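Participant: What follows is the file my_file-v2.json, containing JSON, C-alpha atoms:
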[["chain", "number", "residue", "atom", "x", "y", "z"],
["S", 1, "MET", "CA", 0.00, 0.00, 0.00],
["S", 2, "LEU", "CA", 2.83, 2.39, 0.93],
["S", 3, "LYS", "CA", 4.63, 1.55, -2.30],
["S", 4, "ARG", "CA", 1.52, 2.27, -4.34],
["S", 5, "LYS", "CA", 1.04, 5.57, -2.54],
["S", 6, "LYS", "CA", 4.63, 6.59, -3.27],
["S", 7, "ILE", "CA", 4.21, 5.72, -6.94],
["S", 8, "ALA", "CA", 0.92, 7.62, -7.16],
["S", 9, "LEU", "CA", 2.26, 10.71, -5.45],
["S", 10, "ALA", "CA", 5.38, 10.61, -7.57],
["S", 11, "GLY", "CA", 3.21, 11.79, -10.45],
["S", 12, "VAL", "CA", 2.66, 15.07, -8.66],
["S", 13, "SER", "CA", 6.35, 15.88, -8.75],
["S", 14, "ILE", "CA", 7.16, 14.73, -12.29],
["S", 15, "LEU", "CA", 9.63, 17.31, -13.54],
["S", 16, "LEU", "CA", 8.37, 17.77, -17.07],
["S", 17, "ALA", "CA", 8.40, 21.20, -18.60],
["S", 18, "LEU", "CA", 4.98, 22.62, -19.26],
["S", 19, "LEU", "CA", 4.39, 22.96, -22.97],
["S", 20, "VAL", "CA", 2.31, 25.71, -24.47],
["S", 21, "SER", "CA", -0.62, 24.98, -26.72],
["S", 22, "ALA", "CA", -1.39, 26.75, -29.97],
["S", 23, "CYS", "CA", -3.71, 29.13, -28.11],
["S", 24, "GLY", "CA", -0.95, 30.08, -25.71],
["S", 25, "ARG", "CA", -2.21, 28.24, -22.63],
["S", 26, "PRO", "CA", 0.14, 25.97, -20.67],
["S", 27, "GLN", "CA", -0.36, 22.25, -21.01],
["S", 28, "GLU", "CA", 0.38, 19.90, -18.16],
["S", 29, "PRO", "CA", 1.27, 16.21, -18.53],
["S", 30, "ALA", "CA", -1.63, 13.78, -18.20],
["S", 31, "ALA", "CA", -0.20, 12.15, -15.07],
["S", 32, "ASN", "CA", 0.08, 15.52, -13.32],
["S", 33, "GLN", "CA", -3.51, 16.37, -14.18],
["S", 34, "VAL", "CA", -4.87, 13.01, -13.07],
["S", 35, "ASN", "CA", -2.87, 13.18, -9.86],
["S", 36, "GLN", "CA", -5.00, 16.11, -8.76],
["S", 37, "LEU", "CA", -7.57, 13.40, -8.08],
["S", 38, "ILE", "CA", -5.10, 11.75, -5.72],
["S", 39, "LEU", "CA", -4.54, 14.98, -3.82],
["S", 40, "THR", "CA", -8.26, 15.65, -3.51],
["S", 41, "ASP", "CA", -8.91, 12.03, -2.64],
["S", 42, "GLN", "CA", -6.64, 12.23, 0.39],
["S", 43, "GLU", "CA", -9.19, 14.50, 2.08],
["S", 44, "MET", "CA", -11.85, 11.84, 1.62],
["S", 45, "ASN", "CA", -9.56, 9.08, 2.82],
["S", 46, "GLN", "CA", -8.90, 10.98, 6.06],
["S", 47, "SER", "CA", -12.64, 11.22, 6.76],
["S", 48, "LEU", "CA", -13.05, 7.50, 6.04],
["S", 49, "LYS", "CA", -10.19, 6.62, 8.38],
["S", 50, "GLU", "CA", -11.81, 8.61, 11.18],
["S", 51, "LEU", "CA", -15.10, 6.91, 10.36],
["S", 52, "VAL", "CA", -13.51, 3.49, 10.88],
["S", 53, "HIS", "CA", -12.02, 4.66, 14.18],
["S", 54, "HIS", "CA", -15.46, 5.70, 15.43],
["S", 55, "GLU", "CA", -16.93, 2.40, 14.24],
["S", 56, "ARG", "CA", -14.56, 0.44, 16.45],
["S", 57, "GLU", "CA", -15.49, 2.53, 19.45],
["S", 58, "ASP", "CA", -19.18, 2.21, 18.65],
["S", 59, "MET", "CA", -19.01, -1.56, 18.33],
["S", 60, "GLU", "CA", -17.65, -1.71, 21.89],
["S", 61, "LEU", "CA", -20.36, 0.68, 23.02],
["S", 62, "TYR", "CA", -23.01, -1.39, 21.24],
["S", 63, "GLY", "CA", -21.81, -4.50, 23.04],
["S", 64, "SER", "CA", -21.96, -2.70, 26.38],
["S", 65, "ILE", "CA", -25.49, -1.50, 25.71],
["S", 66, "LEU", "CA", -26.73, -4.99, 24.81],
["S", 67, "SER", "CA", -24.94, -6.56, 27.77],
["S", 68, "LYS", "CA", -26.21, -4.01, 30.27],
["S", 69, "GLY", "CA", -29.67, -4.06, 28.69],
["S", 70, "LYS", "CA", -30.17, -7.68, 29.74],
["S", 71, "ASN", "CA", -30.58, -6.41, 33.29],
["S", 72, "LYS", "CA", -34.05, -4.89, 33.62],
["S", 73, "ASN", "CA", -32.85, -2.59, 36.37],
["S", 74, "SER", "CA", -30.01, -1.11, 34.33],
["S", 75, "ASN", "CA", -30.01, 2.58, 33.42],
["S", 76, "LEU", "CA", -28.89, 2.85, 29.81],
["S", 77, "GLU", "CA", -29.48, 6.56, 29.31],
["S", 78, "ALA", "CA", -25.83, 7.61, 29.64],
["S", 79, "LEU", "CA", -24.65, 4.92, 27.22],
["S", 80, "LEU", "CA", -27.45, 5.72, 24.77],
["S", 81, "ASP", "CA", -26.60, 9.43, 24.89],
["S", 82, "GLN", "CA", -23.00, 8.55, 24.11],
["S", 83, "ALA", "CA", -24.09, 6.29, 21.25],
["S", 84, "ASP", "CA", -26.28, 9.03, 19.76],
["S", 85, "GLY", "CA", -23.33, 11.41, 19.90],
["S", 86, "HIS", "CA", -21.17, 8.95, 18.02],
["S", 87, "ILE", "CA", -23.86, 8.49, 15.38],
["S", 88, "ALA", "CA", -23.95, 12.25, 14.80],
["S", 89, "GLU", "CA", -20.14, 12.33, 14.46],
["S", 90, "ARG", "CA", -20.20, 9.49, 11.94],
["S", 91, "ARG", "CA", -22.91, 11.23, 9.90],
["S", 92, "THR", "CA", -20.71, 14.34, 9.76],
["S", 93, "LEU", "CA", -17.66, 12.36, 8.62],
["S", 94, "LEU", "CA", -19.75, 10.59, 6.00],
["S", 95, "GLU", "CA", -21.03, 13.91, 4.68],
["S", 96, "GLN", "CA", -17.48, 15.29, 4.54],
["S", 97, "ALA", "CA", -16.26, 12.32, 2.50],
["S", 98, "GLU", "CA", -19.30, 12.55, 0.23],
["S", 99, "ALA", "CA", -18.69, 16.25, -0.39],
["S", 100, "VAL", "CA", -15.10, 15.56, -1.51],
["S", 101, "MET", "CA", -16.24, 12.84, -3.89],
["S", 102, "SER", "CA", -18.93, 15.14, -5.27],
["S", 103, "ARG", "CA", -16.39, 17.90, -5.99],
["S", 104, "THR", "CA", -14.11, 15.43, -7.74],
["S", 105, "LYS", "CA", -16.90, 14.08, -9.93],
["S", 106, "GLU", "CA", -17.79, 17.63, -10.98],
["S", 107, "GLN", "CA", -14.22, 18.08, -12.24],
["S", 108, "MET", "CA", -14.22, 14.83, -14.21],
["S", 109, "GLU", "CA", -15.64, 16.03, -17.54],
["S", 110, "GLU", "CA", -13.44, 19.12, -17.50],
["S", 111, "LEU", "CA", -10.43, 16.90, -16.88],
["S", 112, "ARG", "CA", -11.35, 14.56, -19.75],
["S", 113, "THR", "CA", -11.65, 17.56, -22.08],
["S", 114, "SER", "CA", -8.31, 18.91, -20.90],
["S", 115, "LEU", "CA", -6.63, 15.56, -21.56],
["S", 116, "ASP", "CA", -8.07, 15.38, -25.07],
["S", 117, "GLN", "CA", -6.57, 18.79, -25.85],
["S", 118, "LEU", "CA", -3.02, 17.76, -24.98],
["S", 119, "SER", "CA", -0.82, 18.12, -28.05],
["S", 120, "PHE", "CA", 2.33, 16.38, -26.84],
["S", 121, "GLU", "CA", 1.13, 13.20, -25.08],
["S", 122, "LYS", "CA", 1.52, 9.75, -26.59],
["S", 123, "GLU", "CA", -1.75, 8.12, -27.54],
["S", 124, "GLU", "CA", -1.13, 5.20, -25.20],
["S", 125, "ASN", "CA", -0.56, 7.60, -22.30],
["S", 126, "LEU", "CA", -3.80, 9.43, -23.02],
["S", 127, "ALA", "CA", -5.64, 6.13, -23.29],
["S", 128, "GLN", "CA", -4.26, 5.08, -19.91],
["S", 129, "ALA", "CA", -5.23, 8.43, -18.40],
["S", 130, "HIS", "CA", -8.81, 7.89, -19.53],
["S", 131, "THR", "CA", -8.67, 4.38, -18.08],
["S", 132, "VAL", "CA", -7.70, 5.89, -14.72],
["S", 133, "LEU", "CA", -10.70, 8.22, -14.91],
["S", 134, "ASP", "CA", -12.98, 5.31, -15.85],
["S", 135, "GLN", "CA", -11.74, 3.43, -12.79],
["S", 136, "TYR", "CA", -12.35, 6.50, -10.64],
["S", 137, "GLU", "CA", -15.93, 6.82, -11.88],
["S", 138, "GLN", "CA", -16.56, 3.16, -11.05],
["S", 139, "ARG", "CA", -15.07, 3.81, -7.62],
["S", 140, "ALA", "CA", -17.36, 6.83, -7.20],
["S", 141, "ALA", "CA", -20.43, 4.71, -8.02],
["S", 142, "SER", "CA", -19.29, 2.11, -5.50],
["S", 143, "PHE", "CA", -18.80, 4.85, -2.92],
["S", 144, "GLU", "CA", -22.33, 6.20, -3.47],
["S", 145, "ALA", "CA", -23.77, 2.75, -2.80],
["S", 146, "PHE", "CA", -21.61, 2.47, 0.33],
["S", 147, "VAL", "CA", -22.77, 5.86, 1.63],
["S", 148, "ALA", "CA", -26.46, 5.04, 1.06],
["S", 149, "SER", "CA", -26.08, 1.75, 2.91],
["S", 150, "TYR", "CA", -24.09, 3.36, 5.71],
["S", 151, "ARG", "CA", -26.83, 5.90, 6.31],
["S", 152, "GLN", "CA", -29.35, 3.08, 6.59],
["S", 153, "SER", "CA", -27.15, 1.39, 9.19],
["S", 154, "LEU", "CA", -27.02, 4.60, 11.22],
["S", 155, "ASP", "CA", -30.81, 4.90, 10.96],
["S", 156, "ALA", "CA", -31.08, 1.33, 12.24],
["S", 157, "ASP", "CA", -28.82, 2.24, 15.18],
["S", 158, "GLU", "CA", -31.02, 5.20, 16.07],
["S", 159, "GLN", "CA", -34.22, 3.18, 15.82],
["S", 160, "LEU", "CA", -32.81, 0.48, 18.10],
["S", 161, "TYR", "CA", -31.56, 2.91, 20.71],
["S", 162, "ALA", "CA", -34.85, 4.83, 20.65],
["S", 163, "LEU", "CA", -36.69, 1.62, 21.55],
["S", 164, "MET", "CA", -34.37, 1.10, 24.50],
["S", 165, "ARG", "CA", -34.89, 4.58, 25.96],
["S", 166, "GLY", "CA", -37.03, 5.32, 28.98],
["S", 167, "ASN", "CA", -39.29, 2.28, 28.72],
["S", 168, "VAL", "CA", -40.39, 0.81, 32.04],
["S", 169, "GLU", "CA", -41.51, -2.28, 30.15],
["S", 170, "PRO", "CA", -39.49, -2.37, 26.93],
["S", 171, "ASN", "CA", -40.99, -4.22, 24.00],
["S", 172, "LEU", "CA", -38.52, -7.09, 23.69],
["S", 173, "VAL", "CA", -40.04, -8.32, 20.43],
["S", 174, "LYS", "CA", -39.49, -4.94, 18.77],
["S", 175, "ILE", "CA", -36.02, -4.62, 20.25],
["S", 176, "LYS", "CA", -34.97, -8.05, 18.99],
["S", 177, "ARG", "CA", -36.35, -7.19, 15.55],
["S", 178, "ALA", "CA", -34.45, -3.90, 15.60],
["S", 179, "ILE", "CA", -31.24, -5.71, 16.56],
["S", 180, "ARG", "CA", -31.64, -8.10, 13.62],
["S", 181, "GLU", "CA", -32.28, -5.18, 11.28],
["S", 182, "ARG", "CA", -29.28, -3.30, 12.62],
["S", 183, "ASN", "CA", -26.99, -6.31, 12.19],
["S", 184, "SER", "CA", -28.34, -6.92, 8.69],
["S", 185, "GLN", "CA", -27.62, -3.32, 7.67],
["S", 186, "TYR", "CA", -24.06, -3.51, 8.97],
["S", 187, "ALA", "CA", -23.50, -6.74, 7.03],
["S", 188, "LYS", "CA", -24.50, -4.88, 3.85],
["S", 189, "VAL", "CA", -22.14, -2.04, 4.75],
["S", 190, "ALA", "CA", -19.27, -4.51, 5.15],
["S", 191, "GLU", "CA", -19.99, -6.02, 1.73],
["S", 192, "LEU", "CA", -20.17, -2.63, 0.00],
["S", 193, "ARG", "CA", -17.00, -1.50, 1.77],
["S", 194, "GLN", "CA", -15.20, -4.51, 0.27],
["S", 195, "GLN", "CA", -16.45, -3.53, -3.19],
["S", 196, "PHE", "CA", -15.31, 0.05, -2.66],
["S", 197, "ASN", "CA", -11.87, -1.12, -1.50],
["S", 198, "LYS", "CA", -11.64, -3.33, -4.59],
["S", 199, "GLN", "CA", -12.45, -0.38, -6.85],
["S", 200, "THR", "CA", -9.92, 1.76, -4.96],
["S", 201, "LYS", "CA", -7.24, -0.87, -5.58],
["S", 202, "ALA", "CA", -8.09, -0.95, -9.30],
["S", 203, "PHE", "CA", -7.95, 2.85, -9.50],
["S", 204, "ASN", "CA", -4.60, 3.02, -7.68],
["S", 205, "GLY", "CA", -3.17, 0.33, -9.96],
["S", 206, "ALA", "CA", -4.28, 2.11, -13.13],
["S", 207, "ASN", "CA", -2.89, 5.41, -11.86],
["S", 208, "ALA", "CA", 0.44, 3.84, -10.90],
["S", 209, "LYS", "CA", 0.73, 2.44, -14.42],
["S", 210, "LEU", "CA", 0.08, 5.91, -15.89],
["S", 211, "VAL", "CA", 2.81, 7.44, -13.73],
["S", 212, "GLN", "CA", 5.26, 4.73, -14.82],
["S", 213, "MET", "CA", 4.40, 5.34, -18.49],
["S", 214, "GLU", "CA", 5.01, 9.06, -18.09],
["S", 215, "GLN", "CA", 8.30, 8.52, -16.30],
["S", 216, "ALA", "CA", 9.43, 6.11, -18.99],
["S", 217, "GLY", "CA", 8.91, 8.85, -21.54]]
Translate the structure of the given file into structure tokens.

Facilitator:
Amino acid sequence: MLKRKKIALAGVSILLALLVSACGRPQEPAANQVNQLILTDQEMNQSLKELVHHEREDMELYGSILSKGKNKNSNLEALLDQADGHIAERRTLLEQAEAVMSRTKEQMEELRTSLDQLSFEKEENLAQAHTVLDQYEQRAASFEAFVASYRQSLDADEQLYALMRGNVEPNLVKIKRAIRERNSQYAKVAELRQQFNKQTKAFNGANAKLVQMEQAG
């Protein structure tokens, strides 16, 4: 992973002179242009890393809530308040990551047009650059599915915890149903996360190949 990151970021510092197009505007190598995606993407990756950190904490909290909830005399309010706070934090991180992806997608068509206007790139390099963008768009679609599923899992968390709040005689049937629904939603999230990671790996591989092609001249 570290090696791939080094290769990807190497494209940012490729020391190729900027050529000037017929209309007098500077032209930047394809790898440098595509690597702007990498730089933007790092913001999203940071939000996703923090999201995973909160997930680990919340899984421990979830276990504590279920364990303590078995005792009818237990007061869960403090734990449930903490869980609700974590849910809000995860929603914020998810929105931050989604906003970065949205900005990147908006730049995609402009980037494709810019690549097609390059007058000095080899055809195979341009073709590879477009392959990188294709992989990124597939990754973006995978991410959208992940985000939608993740929101449903957070909704399921909230619904479960709401059922456990302030009830003298909690409805165990509803709570058990809510637990099953919550677990089912998180299983879907795990599956979609795997797909997103797979698309990320494909994107990184295609981008690393582009950087190598540019460096080879």

Participant: For a test of reading the model, state the distance in Å between CA of Pro170 (chain S) and CA of Val189 (chain S), rounded to one decimal.

Facilitator: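 Between these atoms lies a distance of 28.2 Å.
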
Participant: Any idea what the distance is between CA of Glu124 (chain S) and CA of Gln215 (chain S)?

Facilitator: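 Going from CA of Glu124 (chain S) over to CA of Gln215 (chain S) covers 13.4 Å.
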
Participant: For a quick check of your reading of the model, name the residues lying within 12 Å of the coordinate (-28.8, -5.6, 12.6), counting all atoms listed in the file, and write them as a PDB file with C-alpha atoms, in the frame of the given file.

Facilitator:
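So the final result, stored in point-v4.pdb, reads:
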ATOM      1  CA  TYR S  62     -23.010  -1.390  21.240  1.00  0.00           C
ATOM      2  CA  GLN S 152     -29.350   3.080   6.590  1.00  0.00           C
ATOM      3  CA  SER S 153     -27.150   1.390   9.190  1.00  0.00           C
ATOM      4  CA  LEU S 154     -27.020   4.600  11.220  1.00  0.00           C
ATOM      5  CA  ASP S 155     -30.810   4.900  10.960  1.00  0.00           C
ATOM      6  CA  ALA S 156     -31.080   1.330  12.240  1.00  0.00           C
ATOM      7  CA  ASP S 157     -28.820   2.240  15.180  1.00  0.00           C
ATOM      8  CA  GLU S 158     -31.020   5.200  16.070  1.00  0.00           C
ATOM      9  CA  GLN S 159     -34.220   3.180  15.820  1.00  0.00           C
ATOM     10  CA  LEU S 160     -32.810   0.480  18.100  1.00  0.00           C
ATOM     11  CA  ILE S 175     -36.020  -4.620  20.250  1.00  0.00           C
ATOM     12  CA  LYS S 176     -34.970  -8.050  18.990  1.00  0.00           C
ATOM     13  CA  ARG S 177     -36.350  -7.190  15.550  1.00  0.00           C
ATOM     14  CA  ALA S 178     -34.450  -3.900  15.600  1.00  0.00           C
ATOM     15  CA  ILE S 179     -31.240  -5.710  16.560  1.00  0.00           C
ATOM     16  CA  ARG S 180     -31.640  -8.100  13.620  1.00  0.00           C
ATOM     17  CA  GLU S 181     -32.280  -5.180  11.280  1.00  0.00           C
ATOM     18  CA  ARG S 182     -29.280  -3.300  12.620  1.00  0.00           C
ATOM     19  CA  ASN S 183     -26.990  -6.310  12.190  1.00  0.00           C
ATOM     20  CA  SER S 184     -28.340  -6.920   8.690  1.00  0.00           C
ATOM     21  CA  GLN S 185     -27.620  -3.320   7.670  1.00  0.00           C
ATOM     22  CA  TYR S 186     -24.060  -3.510   8.970  1.00  0.00           C
ATOM     23  CA  ALA S 187     -23.500  -6.740   7.030  1.00  0.00           C
ATOM     24  CA  LYS S 188     -24.500  -4.880   3.850  1.00  0.00           C
ATOM     25  CA  VAL S 189     -22.140  -2.040   4.750  1.00  0.00           C
TER      26      VAL S 189
END

Participant: Can you tell me how far CA of Leu172 (chain S) sits from CA of Leu80 (chain S), in Å to one decimal?

Facilitator: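 Taking CA of Leu172 (chain S) as the start and CA of Leu80 (chain S) as the end point, the length is 17.0 Å.
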
Participant: So which one's closest to Met164 (chain S), S:Gln194, S:Asn75, S:Ser102, S:Asn35? Using all atoms listed in the file, please.

Facilitator: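 For Met164 (chain S), the nearest of the given residues is S:Asn75.
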
Participant: Anything within 12 Å of (-19.5, 2.6, -7.0): list those residues as number ranges by chain, counting all atoms listed in the file and sticking to the file's coordinates.

Facilitator: S: 101, 134-149, 192-200, 203

Participant: When you count only C-alpha atoms, which of these residues is closest to Glu95 (chain S): S:Thr113, S:Ser119, S:Ser67, S:Ser47?

Facilitator: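 Using only C-alpha atoms, Glu95 (chain S) sits closest to S:Ser47.
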
Participant: Just the residues within 12 Å of Ala88 (chain S), please, counting only C-alpha atoms, with nothing from its chain fewer than 2 positions along; format it as a ChimeraX atom specification.

Facilitator: /S:51,54,58,81-86,90-95,151,154-155,157-158

Participant: Using all atoms listed in the file, which of the listed residues (S:Leu79, S:Met213, S:Ala127, S:Ala97) sits closest to Arg165 (chain S)?

Facilitator: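 Distance minimum relative to Arg165 (chain S) lands on S:Leu79.
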
Participant: Quick one: of S:Lys105, S:Lys72, S:Arg112, S:Lys122, who's nearest to Ala216 (chain S), counting only C-alpha atoms?

Facilitator: S:Lys122

Participant: Would you output region 85-98 of chain S from that structure, restricted to N, CA and C atoms, as a CSV table (one decimal), in the first residue's frame?

Facilitator:
chain,number,residue,atom,x,y,z
S,85,GLY,N,-24.4,10.5,20.2
S,85,GLY,CA,-23.3,11.4,19.9
S,85,GLY,C,-22.4,10.9,18.8
S,86,HIS,N,-22.1,9.6,19.0
S,86,HIS,CA,-21.2,9.0,18.0
S,86,HIS,C,-21.8,8.8,16.6
S,87,ILE,N,-23.1,8.6,16.6
S,87,ILE,CA,-23.9,8.5,15.4
S,87,ILE,C,-23.8,9.8,14.7
S,88,ALA,N,-24.0,10.9,15.4
S,88,ALA,CA,-23.9,12.3,14.8
S,88,ALA,C,-22.6,12.5,14.2
S,89,GLU,N,-21.5,12.1,14.9
S,89,GLU,CA,-20.1,12.3,14.5
S,89,GLU,C,-19.9,11.5,13.2
S,90,ARG,N,-20.4,10.3,13.1
S,90,ARG,CA,-20.2,9.5,11.9
S,90,ARG,C,-21.0,10.0,10.7
S,91,ARG,N,-22.2,10.6,11.0
S,91,ARG,CA,-22.9,11.2,9.9
S,91,ARG,C,-22.1,12.4,9.3
S,92,THR,N,-21.5,13.2,10.2
S,92,THR,CA,-20.7,14.3,9.8
S,92,THR,C,-19.5,13.9,8.9
S,93,LEU,N,-18.8,12.9,9.4
S,93,LEU,CA,-17.7,12.4,8.6
S,93,LEU,C,-18.1,11.8,7.3
S,94,LEU,N,-19.2,11.1,7.2
S,94,LEU,CA,-19.7,10.6,6.0
S,94,LEU,C,-20.1,11.7,5.0
S,95,GLU,N,-20.7,12.8,5.5
S,95,GLU,CA,-21.0,13.9,4.7
S,95,GLU,C,-19.8,14.6,4.2
S,96,GLN,N,-18.7,14.7,5.0
S,96,GLN,CA,-17.5,15.3,4.5
S,96,GLN,C,-16.9,14.5,3.4
S,97,ALA,N,-16.8,13.2,3.6
S,97,ALA,CA,-16.3,12.3,2.5
S,97,ALA,C,-17.1,12.4,1.2
S,98,GLU,N,-18.4,12.5,1.4
S,98,GLU,CA,-19.3,12.5,0.2
S,98,GLU,C,-19.1,13.9,-0.5
